[in-house]
Amino acid sequence: MKIDQVSESVYVVAGTNVNWALVSDDRGVTLVDAGYPGDTGDVLKSVREIGHDLADVAAVLVTHAHLDHIGAIPTLVEQLGVPVYTGAEEVRHAKREYLQQITPVQMVQRLGTRRGIVWVAQTLRVCAGHIGMSVPTAQALDAEVLAGLPGGLIEVPTPGHTNGHTAYFMPGEGVLFSGDALVTGHPLLLETGLQLLPGFFNHDEPGTLASARGLGSVDADILVPGHGLPIRGDLARQLVEFAG
Ligand SMILES: [Zn+2]
């Protein structure tokens, strides 16, 4: 685990090939995504390392309900009663009314490269025993609830990677949390920098690209992706270079 403070209130934590973020203010902590199940200990530890008690966690905002973004949620719900919010459509995915996620068998079939085999092994290790995880307590976001949470984030619908994928923007500090709508690195990608995840991860590839382009209209100074390092600067210009 590596914690990187990217603005006054925002800390990005690199876990097992995935990021989560902590938004801290005097109202407590909003957690954006929650790592793999195997990252649960580190998610809890990261809250303490930025100077908060676990009781300060006011909510978890989920970008999408893939296993690498919801891992610590059962513990946070069961031990602390933390509410969980995501986009209205993603609530159905979080409850596993349907599943838009690559299976372990598909992973092995499609990732026969050395790089792929290493990633699959790491992934299976941090998912072990939790492949069937769901988030039955997920609730649909509404603007009023969001405004009352630490950070005062707003919802940015970004369908594609999953039908209900939702990014978040913190206007006060110009931070965009893009989840997997737009990433800057991943063990399966050859290069770093703004890009989409490999196509087999995206439920709807054209939709993913359209949502990524749409993020160019968000007036962000700092991008915090679900995978890869945070980046700064003129996001709109960088997006044009990548997505046209
Ligand atoms: Zn992911």
# chains A, B, ... in the order shown; residues from 1 in each chain; ligands from 1
$ residues_around --residues "range 21-29 of chain A" --least-positions-apart "2" --cutoff "10 Å" --atoms "only C-alpha atoms" --output "PDB file with N, CA, C and O atoms, in the first residue's frame"
ATOM      1  N   ILE A   3       0.367   5.558   0.070  1.00  0.00           N
ATOM      2  CA  ILE A   3      -0.579   6.670   0.180  1.00  0.00           C
ATOM      3  C   ILE A   3       0.056   7.936  -0.387  1.00  0.00           C
ATOM      4  O   ILE A   3       1.182   8.273  -0.042  1.00  0.00           O
ATOM      5  N   ASP A   4      -0.681   8.619  -1.245  1.00  0.00           N
ATOM      6  CA  ASP A   4      -0.169   9.809  -1.911  1.00  0.00           C
ATOM      7  C   ASP A   4      -1.207  10.931  -1.730  1.00  0.00           C
ATOM      8  O   ASP A   4      -2.338  10.806  -2.197  1.00  0.00           O
ATOM      9  N   GLN A   5      -0.834  11.991  -1.026  1.00  0.00           N
ATOM     10  CA  GLN A   5      -1.759  13.119  -0.863  1.00  0.00           C
ATOM     11  C   GLN A   5      -1.688  13.978  -2.121  1.00  0.00           C
ATOM     12  O   GLN A   5      -0.619  14.494  -2.455  1.00  0.00           O
ATOM     13  N   SER A   7      -4.094  16.556  -2.938  1.00  0.00           N
ATOM     14  CA  SER A   7      -4.616  17.908  -2.724  1.00  0.00           C
ATOM     15  C   SER A   7      -4.843  18.049  -1.225  1.00  0.00           C
ATOM     16  O   SER A   7      -4.557  17.121  -0.465  1.00  0.00           O
ATOM     17  N   GLU A   8      -5.372  19.185  -0.811  1.00  0.00           N
ATOM     18  CA  GLU A   8      -5.516  19.415   0.625  1.00  0.00           C
ATOM     19  C   GLU A   8      -6.273  18.279   1.316  1.00  0.00           C
ATOM     20  O   GLU A   8      -5.888  17.815   2.378  1.00  0.00           O
ATOM     21  N   SER A   9      -7.323  17.791   0.672  1.00  0.00           N
ATOM     22  CA  SER A   9      -8.208  16.818   1.321  1.00  0.00           C
ATOM     23  C   SER A   9      -8.152  15.412   0.747  1.00  0.00           C
ATOM     24  O   SER A   9      -8.797  14.524   1.286  1.00  0.00           O
ATOM     25  N   VAL A  10      -7.460  15.246  -0.359  1.00  0.00           N
ATOM     26  CA  VAL A  10      -7.577  13.972  -1.084  1.00  0.00           C
ATOM     27  C   VAL A  10      -6.282  13.154  -1.025  1.00  0.00           C
ATOM     28  O   VAL A  10      -5.201  13.643  -1.354  1.00  0.00           O
ATOM     29  N   TYR A  11      -6.461  11.918  -0.601  1.00  0.00           N
ATOM     30  CA  TYR A  11      -5.361  10.947  -0.525  1.00  0.00           C
ATOM     31  C   TYR A  11      -5.695   9.789  -1.451  1.00  0.00           C
ATOM     32  O   TYR A  11      -6.795   9.234  -1.383  1.00  0.00           O
ATOM     33  N   VAL A  12      -4.724   9.421  -2.285  1.00  0.00           N
ATOM     34  CA  VAL A  12      -4.911   8.284  -3.183  1.00  0.00           C
ATOM     35  C   VAL A  12      -4.074   7.134  -2.649  1.00  0.00           C
ATOM     36  O   VAL A  12      -2.902   7.321  -2.312  1.00  0.00           O
ATOM     37  N   VAL A  13      -4.679   5.973  -2.554  1.00  0.00           N
ATOM     38  CA  VAL A  13      -3.963   4.823  -2.018  1.00  0.00           C
ATOM     39  C   VAL A  13      -3.827   3.771  -3.116  1.00  0.00           C
ATOM     40  O   VAL A  13      -4.832   3.358  -3.711  1.00  0.00           O
ATOM     41  N   ALA A  14      -2.593   3.367  -3.379  1.00  0.00           N
ATOM     42  CA  ALA A  14      -2.332   2.292  -4.336  1.00  0.00           C
ATOM     43  C   ALA A  14      -2.304   0.979  -3.575  1.00  0.00           C
ATOM     44  O   ALA A  14      -1.452   0.764  -2.712  1.00  0.00           O
ATOM     45  N   ASN A  19      -6.493   1.354  -7.158  1.00  0.00           N
ATOM     46  CA  ASN A  19      -6.479   2.484  -6.219  1.00  0.00           C
ATOM     47  C   ASN A  19      -7.816   2.619  -5.508  1.00  0.00           C
ATOM     48  O   ASN A  19      -8.861   2.282  -6.055  1.00  0.00           O
ATOM     49  N   LEU A  31     -14.839   7.547   1.451  1.00  0.00           N
ATOM     50  CA  LEU A  31     -13.989   6.593   0.757  1.00  0.00           C
ATOM     51  C   LEU A  31     -14.520   6.437  -0.656  1.00  0.00           C
ATOM     52  O   LEU A  31     -15.727   6.227  -0.847  1.00  0.00           O
ATOM     53  N   VAL A  32     -13.653   6.595  -1.654  1.00  0.00           N
ATOM     54  CA  VAL A  32     -14.060   6.359  -3.039  1.00  0.00           C
ATOM     55  C   VAL A  32     -13.442   5.029  -3.471  1.00  0.00           C
ATOM     56  O   VAL A  32     -12.230   4.911  -3.608  1.00  0.00           O
ATOM     57  N   ASP A  33     -14.291   4.024  -3.624  1.00  0.00           N
ATOM     58  CA  ASP A  33     -13.906   2.646  -3.926  1.00  0.00           C
ATOM     59  C   ASP A  33     -13.176   1.998  -2.738  1.00  0.00           C
ATOM     60  O   ASP A  33     -12.819   2.674  -1.770  1.00  0.00           O
ATOM     61  N   ALA A  34     -12.996   0.672  -2.825  1.00  0.00           N
ATOM     62  CA  ALA A  34     -12.586  -0.043  -1.611  1.00  0.00           C
ATOM     63  C   ALA A  34     -11.662  -1.235  -1.869  1.00  0.00           C
ATOM     64  O   ALA A  34     -11.609  -2.167  -1.068  1.00  0.00           O
ATOM     65  N   GLY A  35     -10.893  -1.195  -2.978  1.00  0.00           N
ATOM     66  CA  GLY A  35      -9.877  -2.216  -3.205  1.00  0.00           C
ATOM     67  C   GLY A  35     -10.452  -3.615  -3.423  1.00  0.00           C
ATOM     68  O   GLY A  35     -11.668  -3.809  -3.552  1.00  0.00           O
ATOM     69  N   VAL A  43      -7.172  -1.037   3.448  1.00  0.00           N
ATOM     70  CA  VAL A  43      -8.175   0.038   3.357  1.00  0.00           C
ATOM     71  C   VAL A  43      -8.408   0.628   4.746  1.00  0.00           C
ATOM     72  O   VAL A  43      -8.378   1.856   4.937  1.00  0.00           O
ATOM     73  N   SER A  46      -5.358   2.530   5.918  1.00  0.00           N
ATOM     74  CA  SER A  46      -5.147   3.820   5.242  1.00  0.00           C
ATOM     75  C   SER A  46      -5.958   4.922   5.905  1.00  0.00           C
ATOM     76  O   SER A  46      -5.525   6.076   5.976  1.00  0.00           O
ATOM     77  N   VAL A  47      -7.144   4.580   6.408  1.00  0.00           N
ATOM     78  CA  VAL A  47      -7.978   5.582   7.102  1.00  0.00           C
ATOM     79  C   VAL A  47      -7.239   6.065   8.358  1.00  0.00           C
ATOM     80  O   VAL A  47      -7.160   7.277   8.627  1.00  0.00           O
ATOM     81  N   ILE A  50      -4.053   8.391   7.731  1.00  0.00           N
ATOM     82  CA  ILE A  50      -4.229   9.826   7.444  1.00  0.00           C
ATOM     83  C   ILE A  50      -4.825  10.555   8.656  1.00  0.00           C
ATOM     84  O   ILE A  50      -5.241  11.709   8.551  1.00  0.00           O
ATOM     85  N   GLY A  51      -4.855   9.875   9.788  1.00  0.00           N
ATOM     86  CA  GLY A  51      -5.204  10.557  11.033  1.00  0.00           C
ATOM     87  C   GLY A  51      -6.647  10.461  11.459  1.00  0.00           C
ATOM     88  O   GLY A  51      -7.094  11.234  12.319  1.00  0.00           O
ATOM     89  N   HIS A  52      -7.387   9.522  10.879  1.00  0.00           N
ATOM     90  CA  HIS A  52      -8.800   9.370  11.254  1.00  0.00           C
ATOM     91  C   HIS A  52      -9.031   8.061  12.006  1.00  0.00           C
ATOM     92  O   HIS A  52      -8.262   7.110  11.888  1.00  0.00           O
ATOM     93  N   ASP A  53     -10.136   8.036  12.755  1.00  0.00           N
ATOM     94  CA  ASP A  53     -10.630   6.774  13.302  1.00  0.00           C
ATOM     95  C   ASP A  53     -11.543   6.141  12.255  1.00  0.00           C
ATOM     96  O   ASP A  53     -12.138   6.839  11.432  1.00  0.00           O
ATOM     97  N   LEU A  54     -11.704   4.828  12.357  1.00  0.00           N
ATOM     98  CA  LEU A  54     -12.612   4.156  11.410  1.00  0.00           C
ATOM     99  C   LEU A  54     -14.035   4.709  11.529  1.00  0.00           C
ATOM    100  O   LEU A  54     -14.776   4.764  10.542  1.00  0.00           O
ATOM    101  N   ALA A  55     -14.397   5.146  12.731  1.00  0.00           N
ATOM    102  CA  ALA A  55     -15.744   5.696  12.941  1.00  0.00           C
ATOM    103  C   ALA A  55     -15.970   6.990  12.148  1.00  0.00           C
ATOM    104  O   ALA A  55     -17.116   7.430  11.986  1.00  0.00           O
ATOM    105  N   ASP A  56     -14.882   7.595  11.664  1.00  0.00           N
ATOM    106  CA  ASP A  56     -15.021   8.830  10.869  1.00  0.00           C
ATOM    107  C   ASP A  56     -15.470   8.564   9.430  1.00  0.00           C
ATOM    108  O   ASP A  56     -15.792   9.497   8.695  1.00  0.00           O
ATOM    109  N   VAL A  57     -15.429   7.292   9.004  1.00  0.00           N
ATOM    110  CA  VAL A  57     -15.807   6.994   7.612  1.00  0.00           C
ATOM    111  C   VAL A  57     -17.317   7.211   7.462  1.00  0.00           C
ATOM    112  O   VAL A  57     -18.129   6.489   8.028  1.00  0.00           O
ATOM    113  N   ALA A  58     -17.668   8.246   6.706  1.00  0.00           N
ATOM    114  CA  ALA A  58     -19.077   8.649   6.592  1.00  0.00           C
ATOM    115  C   ALA A  58     -19.809   7.849   5.519  1.00  0.00           C
ATOM    116  O   ALA A  58     -21.017   7.637   5.633  1.00  0.00           O
ATOM    117  N   ALA A  59     -19.085   7.440   4.488  1.00  0.00           N
ATOM    118  CA  ALA A  59     -19.723   6.707   3.389  1.00  0.00           C
ATOM    119  C   ALA A  59     -18.664   6.141   2.456  1.00  0.00           C
ATOM    120  O   ALA A  59     -17.526   6.619   2.435  1.00  0.00           O
ATOM    121  N   VAL A  60     -19.064   5.136   1.695  1.00  0.00           N
ATOM    122  CA  VAL A  60     -18.256   4.670   0.565  1.00  0.00           C
ATOM    123  C   VAL A  60     -19.004   5.029  -0.707  1.00  0.00           C
ATOM    124  O   VAL A  60     -20.204   4.726  -0.840  1.00  0.00           O
ATOM    125  N   LEU A  61     -18.312   5.711  -1.617  1.00  0.00           N
ATOM    126  CA  LEU A  61     -18.864   5.962  -2.948  1.00  0.00           C
ATOM    127  C   LEU A  61     -18.193   4.987  -3.902  1.00  0.00           C
ATOM    128  O   LEU A  61     -16.963   4.931  -3.973  1.00  0.00           O
ATOM    129  N   GLY A 148     -23.805  16.504   1.397  1.00  0.00           N
ATOM    130  CA  GLY A 148     -23.634  16.463   2.845  1.00  0.00           C
ATOM    131  C   GLY A 148     -22.475  15.596   3.308  1.00  0.00           C
ATOM    132  O   GLY A 148     -22.151  15.570   4.498  1.00  0.00           O
ATOM    133  N   LEU A 149     -21.835  14.890   2.395  1.00  0.00           N
ATOM    134  CA  LEU A 149     -20.720  14.007   2.764  1.00  0.00           C
ATOM    135  C   LEU A 149     -19.388  14.748   2.703  1.00  0.00           C
ATOM    136  O   LEU A 149     -19.264  15.750   1.993  1.00  0.00           O
ATOM    137  N   PRO A 150     -18.380  14.262   3.441  1.00  0.00           N
ATOM    138  CA  PRO A 150     -17.057  14.891   3.367  1.00  0.00           C
ATOM    139  C   PRO A 150     -16.598  15.044   1.912  1.00  0.00           C
ATOM    140  O   PRO A 150     -16.711  14.108   1.124  1.00  0.00           O
ATOM    141  N   GLY A 151     -16.099  16.238   1.590  1.00  0.00           N
ATOM    142  CA  GLY A 151     -15.597  16.504   0.241  1.00  0.00           C
ATOM    143  C   GLY A 151     -16.611  17.154  -0.673  1.00  0.00           C
ATOM    144  O   GLY A 151     -16.258  17.835  -1.625  1.00  0.00           O
ATOM    145  N   GLY A 152     -17.918  16.938  -0.420  1.00  0.00           N
ATOM    146  CA  GLY A 152     -18.945  17.550  -1.272  1.00  0.00           C
ATOM    147  C   GLY A 152     -18.811  17.169  -2.739  1.00  0.00           C
ATOM    148  O   GLY A 152     -18.858  18.008  -3.635  1.00  0.00           O
ATOM    149  N   LEU A 153     -18.655  15.871  -3.004  1.00  0.00           N
ATOM    150  CA  LEU A 153     -18.450  15.416  -4.377  1.00  0.00           C
ATOM    151  C   LEU A 153     -19.751  15.463  -5.181  1.00  0.00           C
ATOM    152  O   LEU A 153     -20.841  15.470  -4.610  1.00  0.00           O
ATOM    153  N   MET A 170     -14.834  16.537  -7.344  1.00  0.00           N
ATOM    154  CA  MET A 170     -14.804  17.402  -6.167  1.00  0.00           C
ATOM    155  C   MET A 170     -14.485  18.817  -6.635  1.00  0.00           C
ATOM    156  O   MET A 170     -13.324  19.157  -6.868  1.00  0.00           O
ATOM    157  N   PHE A 177     -12.406  11.823  -9.841  1.00  0.00           N
ATOM    158  CA  PHE A 177     -12.185  10.405  -9.542  1.00  0.00           C
ATOM    159  C   PHE A 177     -12.813   9.617 -10.684  1.00  0.00           C
ATOM    160  O   PHE A 177     -14.036   9.518 -10.761  1.00  0.00           O
ATOM    161  N   VAL A 224      -7.735  11.335 -10.553  1.00  0.00           N
ATOM    162  CA  VAL A 224      -7.435  10.170  -9.720  1.00  0.00           C
ATOM    163  C   VAL A 224      -8.115   8.967 -10.367  1.00  0.00           C
ATOM    164  O   VAL A 224      -9.339   8.834 -10.294  1.00  0.00           O
ATOM    165  N   PRO A 225      -7.344   8.111 -11.055  1.00  0.00           N
ATOM    166  CA  PRO A 225      -7.951   6.974 -11.746  1.00  0.00           C
ATOM    167  C   PRO A 225      -8.074   5.746 -10.846  1.00  0.00           C
ATOM    168  O   PRO A 225      -7.449   5.679  -9.778  1.00  0.00           O
ATOM    169  N   GLY A 226      -8.857   4.774 -11.295  1.00  0.00           N
ATOM    170  CA  GLY A 226      -8.975   3.520 -10.562  1.00  0.00           C
ATOM    171  C   GLY A 226      -7.717   2.665 -10.644  1.00  0.00           C
ATOM    172  O   GLY A 226      -7.468   1.840  -9.770  1.00  0.00           O
TER     173      GLY A 226
END
$ residues_near_ligand --ligand "ligand 1" --cutoff "12 Å" --atoms "only C-alpha atoms and all ligand atoms" --output "PyMOL selection string"
chain A and resi 15-20+33-36+62-71+101-102+123+161-162+165+178-188+196-198+201-202+225-228
$ write_last_selection --atoms "C-alpha atoms" --output "short mmCIF file (atom, residue, chain, number, x, y, z; two decimals), in the first residue's frame"
data_model
loop_
_atom_site.label_atom_id
_atom_site.label_comp_id
_atom_site.auth_asym_id
_atom_site.auth_seq_id
_atom_site.Cartn_x
_atom_site.Cartn_y
_atom_site.Cartn_z
CA GLY A 15 -3.32 -1.22 -3.25
CA THR A 16 -3.01 -4.48 -5.19
CA ASN A 17 -3.00 -3.17 -8.80
CA VAL A 18 -5.92 -0.87 -7.93
CA ASN A 19 -6.48 2.48 -6.22
CA TRP A 20 -8.94 3.75 -3.67
CA ASP A 33 -13.91 2.65 -3.93
CA ALA A 34 -12.59 -0.04 -1.61
CA GLY A 35 -9.88 -2.22 -3.21
CA TYR A 36 -9.91 -5.99 -3.62
CA VAL A 62 -18.45 3.19 -5.50
CA THR A 63 -17.48 3.94 -9.11
CA HIS A 64 -18.56 0.45 -10.17
CA ALA A 65 -19.15 -2.90 -8.55
CA HIS A 66 -16.19 -4.91 -9.86
CA LEU A 67 -14.41 -6.94 -7.20
CA ASP A 68 -11.33 -4.71 -7.23
CA HIS A 69 -13.43 -1.70 -6.15
CA ILE A 70 -15.75 -3.16 -3.49
CA GLY A 71 -13.46 -5.48 -1.51
CA GLN A 101 -17.34 -8.81 -14.99
CA ILE A 102 -14.77 -11.09 -16.59
CA THR A 123 -5.80 -11.20 -8.78
CA HIS A 161 -16.98 -0.01 -18.43
CA THR A 162 -20.18 -1.12 -16.68
CA HIS A 165 -20.23 3.25 -13.96
CA SER A 178 -12.53 8.52 -12.81
CA GLY A 179 -12.68 4.92 -11.60
CA ASP A 180 -12.22 2.66 -14.62
CA ALA A 181 -13.79 5.11 -17.10
CA LEU A 182 -10.28 6.43 -17.69
CA VAL A 183 -7.04 5.04 -16.28
CA THR A 184 -3.34 5.90 -16.45
CA GLY A 185 -1.75 2.50 -15.99
CA HIS A 186 -2.38 -1.18 -15.29
CA PRO A 187 -0.15 -4.27 -15.18
CA LEU A 188 -1.77 -5.46 -18.45
CA LEU A 196 -8.84 2.93 -21.44
CA LEU A 197 -8.39 -0.46 -19.82
CA PRO A 198 -7.92 -3.41 -22.20
CA PHE A 201 -12.62 -5.44 -19.22
CA ASN A 202 -15.13 -2.99 -20.72
CA PRO A 225 -7.95 6.97 -11.75
CA GLY A 226 -8.97 3.52 -10.56
CA HIS A 227 -5.71 2.15 -11.90
CA GLY A 228 -2.39 3.95 -12.43
#
$ atom_distance --atom1 "CA of Ala236 in chain A" --atom2 "CA of Leu215 in chain A"
7.7 Å
$ atom_distance --atom1 "CA of Met107 in chain A" --atom2 "CA of Trp119 in chain A"
9.5 Å
$ closest_residue --among "A:Leu189, A:Ile231, A:Ala72, A:Ala143" --to "Val156 in chain A" --atoms "only C-alpha atoms"
A:Ala143
$ closest_residue --among "A:Arg232, A:Tyr85, A:Ser211, A:Cys127" --to "Thr40 in chain A" --atoms "only C-alpha atoms"
A:Cys127
$ residues_around --residues "Gln106 in chain A" --least-positions-apart "3" --cutoff "12 Å" --atoms "only C-alpha atoms" --output "ChimeraX atom specification"
/A:101-103,109-112,116,120,200-201
$ select_by_dssp --residues "range 85-188 of chain A" --states "strand (DSSP E)" --output "PyMOL selection string"
chain A and resi 85-86+138-140+154-157+166-170+175-179
$ write_last_selection --atoms "C-alpha atoms" --output "PDB file, in the first residue's frame"
ATOM      1  CA  TYR A  85     -23.720   4.743  -2.555  1.00  0.00           C
ATOM      2  CA  THR A  86     -23.306   4.398  -6.287  1.00  0.00           C
ATOM      3  CA  ALA A 138     -25.884  -0.315  -2.000  1.00  0.00           C
ATOM      4  CA  GLN A 139     -28.111   2.748  -2.383  1.00  0.00           C
ATOM      5  CA  ALA A 140     -28.607   5.117  -5.295  1.00  0.00           C
ATOM      6  CA  ILE A 154     -20.780  15.373  -7.362  1.00  0.00           C
ATOM      7  CA  GLU A 155     -21.822  12.418  -9.475  1.00  0.00           C
ATOM      8  CA  VAL A 156     -20.573  12.120 -13.090  1.00  0.00           C
ATOM      9  CA  PRO A 157     -22.348   9.273 -14.930  1.00  0.00           C
ATOM     10  CA  THR A 166     -20.068   6.552 -12.081  1.00  0.00           C
ATOM     11  CA  ALA A 167     -17.169   8.973 -11.736  1.00  0.00           C
ATOM     12  CA  TYR A 168     -17.052  11.665  -9.034  1.00  0.00           C
ATOM     13  CA  PHE A 169     -15.868  15.262  -9.096  1.00  0.00           C
ATOM     14  CA  MET A 170     -14.804  17.402  -6.167  1.00  0.00           C
ATOM     15  CA  VAL A 175     -10.251  16.516  -8.340  1.00  0.00           C
ATOM     16  CA  LEU A 176     -11.879  14.012 -10.694  1.00  0.00           C
ATOM     17  CA  PHE A 177     -12.185  10.405  -9.542  1.00  0.00           C
ATOM     18  CA  SER A 178     -12.529   8.523 -12.814  1.00  0.00           C
ATOM     19  CA  GLY A 179     -12.679   4.920 -11.603  1.00  0.00           C
TER      20      GLY A 179
END
$ closest_residue --among "A:Gln238, A:Gly174, A:Thr158, A:Asp204" --to "Ala220 in chain A" --atoms "only C-alpha atoms"
A:Gly174
$ select_by_dssp --residues "range 42-131 of chain A" --states "helix (DSSP H, G or I)" --output "MDAnalysis selection string"
chainID A and resid 42:49 54:56 67:70 73:80 88:94 104:110 114:127
$ residues_around --residues "Leu235 in chain A" --least-positions-apart "2" --cutoff "7 Å" --atoms "only C-alpha atoms" --output "number ranges by chain"
A: 216, 220-221, 233, 237-239
$ write_last_selection --atoms "N, CA, C and O atoms" --output "compact mmCIF listing (two decimals), in the first residue's frame"
# COMPACT_ATOMS: atom_id res chain seq x y z
N GLY A 216 -13.63 15.12 -20.52
CA GLY A 216 -12.88 16.32 -20.90
C GLY A 216 -13.64 17.60 -20.58
O GLY A 216 -13.04 18.67 -20.45
N ALA A 220 -11.37 19.69 -14.31
CA ALA A 220 -10.53 19.08 -13.28
C ALA A 220 -9.06 19.46 -13.47
O ALA A 220 -8.58 19.61 -14.58
N ASP A 221 -8.36 19.61 -12.35
CA ASP A 221 -6.92 19.84 -12.37
C ASP A 221 -6.15 18.57 -12.05
O ASP A 221 -4.99 18.43 -12.38
N GLY A 233 -2.81 18.68 -14.45
CA GLY A 233 -2.71 19.50 -15.64
C GLY A 233 -4.02 19.57 -16.39
O GLY A 233 -5.08 19.23 -15.87
N ARG A 237 -7.07 18.81 -22.66
CA ARG A 237 -6.06 18.75 -23.74
C ARG A 237 -5.46 17.34 -23.81
O ARG A 237 -5.30 16.77 -24.89
N GLN A 238 -5.15 16.78 -22.65
CA GLN A 238 -4.56 15.44 -22.64
C GLN A 238 -5.54 14.41 -23.20
O GLN A 238 -5.14 13.45 -23.86
N LEU A 239 -6.83 14.65 -22.96
CA LEU A 239 -7.84 13.72 -23.46
C LEU A 239 -7.94 13.79 -24.98
O LEU A 239 -8.11 12.77 -25.65
